[in-house]
>>> print(open('input-v2.txt').read())   # compact mmCIF, C-alpha atoms
# COMPACT_ATOMS: atom_id res chain seq x y z
CA MET A 1 -15.55 -35.83 14.01
CA ASN A 2 -12.39 -37.88 13.43
CA GLN A 3 -8.97 -37.13 14.90
CA LEU A 4 -7.60 -35.72 11.65
CA SER A 5 -10.40 -33.15 11.38
CA ALA A 6 -9.94 -32.19 15.02
CA ASN A 7 -6.22 -31.63 14.44
CA TRP A 8 -6.94 -29.42 11.42
CA ILE A 9 -9.45 -27.34 13.34
CA PHE A 10 -6.99 -26.94 16.23
CA ALA A 11 -4.18 -25.90 13.86
CA ILE A 12 -6.39 -23.31 12.15
CA ALA A 13 -7.60 -21.95 15.49
CA LEU A 14 -4.02 -21.73 16.76
CA ALA A 15 -2.85 -19.91 13.63
CA THR A 16 -5.77 -17.50 13.80
CA PHE A 17 -5.22 -16.75 17.48
CA TRP A 18 -1.50 -16.01 17.25
CA CYS A 19 -1.81 -14.01 14.03
CA LEU A 20 -4.57 -11.85 15.49
CA ALA A 21 -2.73 -11.55 18.81
CA THR A 22 0.44 -10.38 17.05
CA ILE A 23 -1.42 -7.79 14.98
CA ALA A 24 -3.44 -6.55 17.95
CA LEU A 25 -0.39 -6.23 20.19
CA TYR A 26 1.48 -4.39 17.44
CA GLN A 27 -1.34 -1.86 17.16
CA LEU A 28 -1.36 -1.52 20.94
CA ALA A 29 2.41 -0.97 20.94
CA LYS A 30 2.05 1.76 18.29
CA ALA A 31 -0.55 3.52 20.42
CA ILE A 32 1.68 3.31 23.50
CA HIS A 33 4.66 4.64 21.55
CA ARG A 34 2.64 7.60 20.26
CA ARG A 35 1.72 8.44 23.85
CA PHE A 36 5.11 7.71 25.43
CA ALA A 37 7.80 8.07 22.76
CA ARG A 38 10.74 6.23 24.29
CA ALA A 39 13.25 3.77 22.86
CA TRP A 40 11.87 0.93 24.96
CA THR A 41 8.28 1.63 23.81
CA ALA A 42 9.13 1.24 20.13
CA PRO A 43 6.73 -1.33 18.56
CA ILE A 44 9.70 -3.39 17.41
CA VAL A 45 10.65 -3.82 21.10
CA LEU A 46 7.31 -3.74 22.87
CA THR A 47 5.42 -6.17 20.62
CA PRO A 48 7.85 -9.11 21.06
CA ALA A 49 8.04 -8.38 24.79
CA MET A 50 4.26 -8.58 25.18
CA LEU A 51 4.05 -11.69 23.01
CA ALA A 52 6.79 -13.38 25.03
CA THR A 53 4.97 -12.52 28.26
CA ILE A 54 1.75 -14.12 26.99
CA ALA A 55 3.59 -17.17 25.67
CA LEU A 56 5.41 -17.69 28.98
CA ALA A 57 2.21 -17.22 30.97
CA PHE A 58 0.44 -19.94 28.98
CA HIS A 59 3.57 -22.15 28.61
CA VAL A 60 3.60 -21.82 24.83
CA SER A 61 6.88 -22.69 23.13
CA TYR A 62 8.39 -20.63 20.32
CA ARG A 63 7.82 -23.58 17.99
CA ASP A 64 4.08 -23.51 18.74
CA TYR A 65 3.93 -19.74 18.26
CA ALA A 66 5.87 -19.91 14.98
CA SER A 67 3.64 -22.68 13.65
CA GLY A 68 0.61 -20.47 14.28
CA ALA A 69 2.01 -17.12 13.13
CA HIS A 70 4.05 -18.33 10.16
CA TRP A 71 1.47 -16.75 7.83
CA LEU A 72 2.71 -13.35 8.92
CA VAL A 73 6.28 -14.34 8.04
CA THR A 74 5.18 -15.26 4.52
CA LEU A 75 4.02 -11.65 4.09
CA LEU A 76 7.68 -10.59 4.23
CA GLY A 77 7.89 -11.62 0.58
CA PRO A 78 5.30 -9.09 -0.65
CA ALA A 79 6.74 -6.55 1.79
CA THR A 80 10.15 -6.95 0.16
CA VAL A 81 8.66 -6.37 -3.29
CA ALA A 82 6.81 -3.29 -1.97
CA PHE A 83 10.16 -1.75 -1.08
CA ALA A 84 10.49 -0.92 -4.78
CA ILE A 85 7.98 1.89 -4.24
CA PRO A 86 10.32 4.25 -2.32
CA ILE A 87 13.04 3.64 -4.90
CA TYR A 88 10.63 4.69 -7.66
CA GLN A 89 9.46 7.69 -5.67
CA GLN A 90 13.04 8.83 -5.16
CA ARG A 91 14.18 7.98 -8.72
CA ARG A 92 15.34 11.55 -9.40
CA LEU A 93 17.49 11.50 -6.29
CA VAL A 94 18.92 8.12 -7.31
CA ALA A 95 19.67 9.37 -10.82
CA ARG A 96 21.39 12.46 -9.42
CA HIS A 97 23.49 10.77 -6.71
CA TRP A 98 23.75 7.13 -7.82
CA PRO A 99 27.60 6.97 -7.72
CA VAL A 100 27.68 8.18 -4.11
CA LEU A 101 24.77 5.96 -3.09
CA LEU A 102 26.29 2.89 -4.75
CA VAL A 103 29.74 3.39 -3.21
CA GLY A 104 28.20 4.10 0.18
CA ALA A 105 26.02 0.99 0.03
CA LEU A 106 28.97 -1.19 -1.02
CA VAL A 107 31.37 0.17 1.58
CA GLY A 108 28.73 0.20 4.31
CA SER A 109 27.66 -3.39 3.60
CA ALA A 110 31.26 -4.60 3.50
CA ALA A 111 32.02 -2.85 6.81
CA ALA A 112 28.87 -4.28 8.42
CA ILE A 113 29.64 -7.85 7.33
CA ALA A 114 33.31 -7.57 8.31
CA SER A 115 32.51 -6.13 11.73
CA ALA A 116 29.89 -8.84 12.33
CA TRP A 117 32.41 -11.53 11.39
CA ALA A 118 35.03 -9.96 13.68
CA LEU A 119 32.51 -9.69 16.54
CA ALA A 120 31.50 -13.33 16.13
CA SER A 121 35.17 -14.40 16.11
CA LEU A 122 35.91 -12.30 19.19
CA MET A 123 33.01 -13.91 21.06
CA GLY A 124 33.88 -17.40 19.87
CA LEU A 125 30.69 -17.82 17.85
CA GLY A 126 30.66 -20.14 14.89
CA GLY A 127 28.44 -22.15 12.61
CA ASP A 128 24.85 -20.99 12.14
CA VAL A 129 25.16 -18.25 14.75
CA ARG A 130 28.06 -16.57 12.95
CA LEU A 131 26.29 -16.76 9.58
CA SER A 132 23.08 -15.46 11.13
CA LEU A 133 24.93 -12.44 12.48
CA LEU A 134 26.40 -11.32 9.15
CA PRO A 135 23.26 -9.65 7.64
CA ARG A 136 22.39 -7.84 10.90
CA SER A 137 22.63 -4.39 9.27
CA VAL A 138 19.98 -5.11 6.64
CA SER A 139 16.22 -4.58 7.06
CA THR A 140 14.41 -7.71 8.29
CA PRO A 141 12.81 -8.98 5.03
CA PHE A 142 16.12 -8.73 3.19
CA ALA A 143 18.20 -9.95 6.15
CA MET A 144 16.15 -13.14 6.57
CA THR A 145 16.48 -13.88 2.85
CA VAL A 146 20.24 -13.35 2.92
CA SER A 147 20.58 -15.43 6.09
CA GLY A 148 18.77 -18.37 4.51
CA ASP A 149 20.88 -18.12 1.36
CA ILE A 150 24.21 -18.21 3.21
CA GLY A 151 23.25 -20.99 5.62
CA GLY A 152 22.20 -18.99 8.69
CA ALA A 153 19.03 -19.16 10.78
CA PRO A 154 16.59 -16.48 9.52
CA ASN A 155 14.67 -16.28 12.80
CA LEU A 156 17.89 -15.69 14.73
CA THR A 157 18.97 -13.10 12.18
CA ALA A 158 15.72 -11.21 12.81
CA VAL A 159 16.69 -10.88 16.48
CA PHE A 160 20.13 -9.53 15.58
CA VAL A 161 18.52 -7.06 13.16
CA VAL A 162 16.27 -5.70 15.92
CA PHE A 163 19.17 -5.17 18.33
CA THR A 164 21.29 -3.54 15.61
CA GLY A 165 18.50 -1.16 14.66
CA LEU A 166 17.80 -0.14 18.26
CA PHE A 167 21.47 0.41 19.05
CA GLY A 168 22.08 2.33 15.83
CA ALA A 169 19.07 4.59 16.34
CA ALA A 170 20.01 5.19 19.97
CA ILE A 171 23.54 6.41 19.22
CA GLY A 172 22.83 7.87 15.76
CA GLU A 173 21.67 11.26 16.95
CA THR A 174 24.70 11.52 19.26
CA LEU A 175 27.04 10.66 16.40
CA LEU A 176 25.63 13.54 14.38
CA TRP A 177 27.23 15.90 16.90
CA TRP A 178 30.67 14.32 16.41
CA LEU A 179 30.78 13.40 12.72
CA PRO A 180 31.26 16.10 10.05
CA LEU A 181 27.97 15.28 8.31
CA ARG A 182 26.10 18.38 7.21
CA SER A 183 23.91 17.45 4.24
CA PRO A 184 20.59 15.59 4.59
CA LEU A 185 21.98 13.03 2.13
CA ALA A 186 24.90 12.11 4.39
CA ARG A 187 22.89 12.20 7.61
CA GLY A 188 20.01 10.16 6.21
CA ALA A 189 22.38 7.62 4.65
CA MET A 190 24.02 7.08 8.04
CA PHE A 191 20.70 6.13 9.64
CA GLY A 192 19.55 4.00 6.70
CA MET A 193 22.82 2.09 6.51
CA GLY A 194 23.51 1.74 10.22
CA ALA A 195 20.08 1.16 11.71
CA HIS A 196 17.75 0.22 8.80
CA ALA A 197 14.01 0.57 9.61
CA VAL A 198 14.49 1.82 13.18
CA GLY A 199 17.02 4.32 11.87
CA VAL A 200 14.56 5.50 9.23
CA ALA A 201 11.98 6.18 11.93
CA LYS A 202 14.57 8.09 13.95
CA ALA A 203 15.71 10.09 10.91
CA LEU A 204 12.09 11.06 10.19
CA GLU A 205 11.81 12.43 13.73
CA ILE A 206 14.79 14.70 13.05
CA ASP A 207 14.01 15.81 9.49
CA ARG A 208 11.68 14.62 6.74
CA ASP A 209 14.33 14.82 4.02
CA GLN A 210 16.76 12.81 6.12
CA GLY A 211 14.07 10.22 6.71
CA SER A 212 13.32 9.89 3.01
CA ILE A 213 16.98 9.39 2.18
CA ALA A 214 17.40 6.93 5.06
CA GLY A 215 14.51 4.86 3.69
CA LEU A 216 15.97 4.93 0.20
CA VAL A 217 19.42 3.84 1.41
CA MET A 218 17.88 1.10 3.55
CA VAL A 219 16.12 -0.36 0.50
CA LEU A 220 19.16 -0.04 -1.78
CA VAL A 221 21.38 -1.77 0.77
CA GLY A 222 18.81 -4.53 1.19
CA VAL A 223 18.52 -5.16 -2.54
CA LEU A 224 22.31 -5.09 -2.92
CA ASN A 225 22.79 -7.64 -0.14
CA VAL A 226 20.13 -9.98 -1.55
CA LEU A 227 21.81 -9.85 -4.98
CA ALA A 228 25.23 -10.45 -3.42
CA ALA A 229 24.05 -13.29 -1.14
CA PRO A 230 24.83 -16.15 -3.60
CA LEU A 231 28.38 -14.81 -4.05
CA LEU A 232 28.78 -14.40 -0.30
CA ALA A 233 27.57 -17.97 0.22
CA GLN A 234 30.24 -19.25 -2.19
CA VAL A 235 32.95 -17.27 -0.39
CA LEU A 236 31.89 -18.55 3.04
CA ARG A 237 31.95 -22.14 1.85
>>> encode(input="input-v2.txt", output="structure tokens")
Amino acid sequence: MNQLSANWIFAIALATFWCLATIALYQLAKAIHRRFARAWTAPIVLTPAMLATIALAFHVSYRDYASGAHWLVTLLGPATVAFAIPIYQQRRLVARHWPVLLVGALVGSAAAIASAWALASLMGLGGDVRLSLLPRSVSTPFAMTVSGDIGGAPNLTAVFVVFTGLFGAAIGETLLWWLPLRSPLARGAMFGMGAHAVGVAKALEIDRDQGSIAGLVMVLVGVLNVLAAPLLAQVLR
């Protein structure tokens, strides 16, 4: 066996191991969260923590992990397309409330981008880090696409998205006590806009209708941001 063949076999074995390890740990995290439903046991938190522990234990760099598990990242493309399903399922709701949903998505996205820019300026962040922070309030598949389009680092954006979702879901239920939001439409939209996928999961825990609306708003905001990304890139240049 020549060196080239050995390298190919090693690369395939590495990719297989890290892909299977990621999937297995995600399933384990889901089982743990079902048993102990806490913010810190959410799969979006627990899975990366367990992967990082294994990588540190075996002295595996992020570059090596990413080279092995990049096949999972490519699945974000089909996942993004699949987000059209909830929009179709909620088409009657969209047809009935499209002006409110459109204005809310536009205002919410503008506020999220502006606040991210202000936060980055306040902390003295610039360059790729600032651009990576801007799409933090969009679900991961959309956020990574937007980040790449405007010159950010998609992998770094994914980290910001996770923290935004966890923080938004953590304070979302508390905010419902203070904000004058009474309808499922308003309450669900708050979670979908402010905390994307994690917010959708939290909204579903509170009420099924709120969760459905949160999922719809999350998808609409993601699509809107992807469509607006080229314009945003021109403005930032």
>>> residues_near_point(input="input-v2.txt", point="(2.4, -19.9, 13.8)", cutoff="10 Å", atoms="only C-alpha atoms", output="VMD selection string")
chain A and resid 11 to 12 14 to 19 62 to 73
>>> closest_residue(input="input-v2.txt", among="A:Thr22, A:Ser137, A:Ser109, A:Ser212", to="A:Ala52", atoms="all atoms listed in the file")
A:Thr22
>>> closest_residue(input="input-v2.txt", among="A:Leu102, A:Leu75, A:Ile171, A:Ala21", to="A:Ala55", atoms="all atoms listed in the file")
A:Ala21
>>> closest_atom_pairs(input="input-v2.txt", of="stretch 171-221 of chain A", to="stretch 138-160 of chain A", cutoff="8 Å", atoms="all atoms listed in the file", output="tab-separated table")
residue	atom	partner	partner_atom	distance
A:Met193	CA	A:Val138	CA	7.7
A:His196	CA	A:Ser139	CA	5.3
A:Ala197	CA	A:Ser139	CA	6.2
A:Met218	CA	A:Ser139	CA	6.9
A:Val219	CA	A:Ser139	CA	7.8
A:Val221	CA	A:Val138	CA	6.9
>>> atom_distance(input="input-v2.txt", atom1="atom CA of A:Leu133", atom2="atom CA of A:Ala120")
7.6 Å
>>> decode(input="input-v2.txt", residues="stretch 63-153 of chain A", atoms="C-alpha atoms", output="PDB file, in the first residue's frame")
ATOM      1  CA  ARG A  63      -8.984  21.865  12.388  1.00  0.00           C
ATOM      2  CA  ASP A  64      -8.675  18.066  12.569  1.00  0.00           C
ATOM      3  CA  TYR A  65     -12.220  17.718  13.896  1.00  0.00           C
ATOM      4  CA  ALA A  66     -13.629  20.039  11.222  1.00  0.00           C
ATOM      5  CA  SER A  67     -11.817  18.173   8.459  1.00  0.00           C
ATOM      6  CA  GLY A  68     -13.452  14.947   9.636  1.00  0.00           C
ATOM      7  CA  ALA A  69     -16.951  16.240  10.390  1.00  0.00           C
ATOM      8  CA  HIS A  70     -17.300  18.697   7.508  1.00  0.00           C
ATOM      9  CA  TRP A  71     -19.786  16.306   5.871  1.00  0.00           C
ATOM     10  CA  LEU A  72     -22.272  17.172   8.585  1.00  0.00           C
ATOM     11  CA  VAL A  73     -21.826  20.878   7.836  1.00  0.00           C
ATOM     12  CA  THR A  74     -22.684  20.271   4.182  1.00  0.00           C
ATOM     13  CA  LEU A  75     -26.058  18.932   5.338  1.00  0.00           C
ATOM     14  CA  LEU A  76     -26.944  22.466   6.457  1.00  0.00           C
ATOM     15  CA  GLY A  77     -27.765  23.176   2.817  1.00  0.00           C
ATOM     16  CA  PRO A  78     -30.563  20.585   2.577  1.00  0.00           C
ATOM     17  CA  ALA A  79     -31.655  21.546   6.097  1.00  0.00           C
ATOM     18  CA  THR A  80     -32.085  25.140   4.949  1.00  0.00           C
ATOM     19  CA  VAL A  81     -34.225  24.032   2.008  1.00  0.00           C
ATOM     20  CA  ALA A  82     -36.304  21.839   4.346  1.00  0.00           C
ATOM     21  CA  PHE A  83     -37.253  24.950   6.310  1.00  0.00           C
ATOM     22  CA  ALA A  84     -39.736  25.656   3.510  1.00  0.00           C
ATOM     23  CA  ILE A  85     -41.942  22.918   4.963  1.00  0.00           C
ATOM     24  CA  PRO A  86     -43.129  24.851   8.061  1.00  0.00           C
ATOM     25  CA  ILE A  87     -43.819  27.887   5.889  1.00  0.00           C
ATOM     26  CA  TYR A  88     -46.038  25.755   3.650  1.00  0.00           C
ATOM     27  CA  GLN A  89     -47.737  24.157   6.638  1.00  0.00           C
ATOM     28  CA  GLN A  90     -48.513  27.574   8.099  1.00  0.00           C
ATOM     29  CA  ARG A  91     -49.454  29.172   4.754  1.00  0.00           C
ATOM     30  CA  ARG A  92     -52.924  30.160   5.981  1.00  0.00           C
ATOM     31  CA  LEU A  93     -51.416  31.927   8.973  1.00  0.00           C
ATOM     32  CA  VAL A  94     -48.928  33.694   6.694  1.00  0.00           C
ATOM     33  CA  ALA A  95     -51.699  34.763   4.315  1.00  0.00           C
ATOM     34  CA  ARG A  96     -53.753  36.102   7.221  1.00  0.00           C
ATOM     35  CA  HIS A  97     -50.998  37.976   9.073  1.00  0.00           C
ATOM     36  CA  TRP A  98     -48.320  38.611   6.437  1.00  0.00           C
ATOM     37  CA  PRO A  99     -48.147  42.424   6.969  1.00  0.00           C
ATOM     38  CA  VAL A 100     -47.495  41.996  10.704  1.00  0.00           C
ATOM     39  CA  LEU A 101     -45.050  39.142  10.151  1.00  0.00           C
ATOM     40  CA  LEU A 102     -43.138  41.054   7.469  1.00  0.00           C
ATOM     41  CA  VAL A 103     -42.857  44.254   9.518  1.00  0.00           C
ATOM     42  CA  GLY A 104     -41.877  42.275  12.602  1.00  0.00           C
ATOM     43  CA  ALA A 105     -39.196  40.344  10.713  1.00  0.00           C
ATOM     44  CA  LEU A 106     -37.791  43.542   9.174  1.00  0.00           C
ATOM     45  CA  VAL A 107     -37.762  45.523  12.411  1.00  0.00           C
ATOM     46  CA  GLY A 108     -36.483  42.584  14.449  1.00  0.00           C
ATOM     47  CA  SER A 109     -33.661  41.851  11.997  1.00  0.00           C
ATOM     48  CA  ALA A 110     -32.650  45.507  11.834  1.00  0.00           C
ATOM     49  CA  ALA A 111     -32.627  45.749  15.641  1.00  0.00           C
ATOM     50  CA  ALA A 112     -30.593  42.534  15.952  1.00  0.00           C
ATOM     51  CA  ILE A 113     -27.973  43.672  13.429  1.00  0.00           C
ATOM     52  CA  ALA A 114     -27.763  47.175  14.916  1.00  0.00           C
ATOM     53  CA  SER A 115     -27.410  45.881  18.465  1.00  0.00           C
ATOM     54  CA  ALA A 116     -24.729  43.398  17.360  1.00  0.00           C
ATOM     55  CA  TRP A 117     -22.816  46.189  15.626  1.00  0.00           C
ATOM     56  CA  ALA A 118     -23.117  48.400  18.715  1.00  0.00           C
ATOM     57  CA  LEU A 119     -21.994  45.553  20.991  1.00  0.00           C
ATOM     58  CA  ALA A 120     -18.977  44.844  18.787  1.00  0.00           C
ATOM     59  CA  SER A 121     -18.064  48.557  18.769  1.00  0.00           C
ATOM     60  CA  LEU A 122     -18.452  48.782  22.540  1.00  0.00           C
ATOM     61  CA  MET A 123     -16.140  45.805  23.027  1.00  0.00           C
ATOM     62  CA  GLY A 124     -13.631  47.041  20.477  1.00  0.00           C
ATOM     63  CA  LEU A 125     -14.211  44.148  18.079  1.00  0.00           C
ATOM     64  CA  GLY A 126     -13.565  44.620  14.404  1.00  0.00           C
ATOM     65  CA  GLY A 127     -12.870  42.823  11.172  1.00  0.00           C
ATOM     66  CA  ASP A 128     -14.097  39.250  10.814  1.00  0.00           C
ATOM     67  CA  VAL A 129     -15.273  39.062  14.423  1.00  0.00           C
ATOM     68  CA  ARG A 130     -17.617  42.036  14.026  1.00  0.00           C
ATOM     69  CA  LEU A 131     -19.038  40.693  10.762  1.00  0.00           C
ATOM     70  CA  SER A 132     -19.437  37.234  12.283  1.00  0.00           C
ATOM     71  CA  LEU A 133     -21.469  38.704  15.138  1.00  0.00           C
ATOM     72  CA  LEU A 134     -24.034  40.478  12.947  1.00  0.00           C
ATOM     73  CA  PRO A 135     -26.210  37.439  11.991  1.00  0.00           C
ATOM     74  CA  ARG A 136     -26.254  36.065  15.563  1.00  0.00           C
ATOM     75  CA  SER A 137     -30.069  36.262  15.798  1.00  0.00           C
ATOM     76  CA  VAL A 138     -30.671  33.995  12.802  1.00  0.00           C
ATOM     77  CA  SER A 139     -30.922  30.190  12.907  1.00  0.00           C
ATOM     78  CA  THR A 140     -27.576  28.460  12.269  1.00  0.00           C
ATOM     79  CA  PRO A 141     -27.998  27.343   8.610  1.00  0.00           C
ATOM     80  CA  PHE A 142     -29.107  30.824   7.568  1.00  0.00           C
ATOM     81  CA  ALA A 143     -26.633  32.615   9.856  1.00  0.00           C
ATOM     82  CA  MET A 144     -23.619  30.748   8.452  1.00  0.00           C
ATOM     83  CA  THR A 145     -24.733  31.565   4.900  1.00  0.00           C
ATOM     84  CA  VAL A 146     -25.176  35.248   5.726  1.00  0.00           C
ATOM     85  CA  SER A 147     -21.849  35.352   7.566  1.00  0.00           C
ATOM     86  CA  GLY A 148     -20.001  33.944   4.564  1.00  0.00           C
ATOM     87  CA  ASP A 149     -21.724  36.385   2.214  1.00  0.00           C
ATOM     88  CA  ILE A 150     -20.779  39.478   4.237  1.00  0.00           C
ATOM     89  CA  GLY A 151     -17.180  38.431   4.912  1.00  0.00           C
ATOM     90  CA  GLY A 152     -17.491  36.896   8.381  1.00  0.00           C
ATOM     91  CA  ALA A 153     -16.338  33.518   9.694  1.00  0.00           C
TER      92      ALA A 153
END
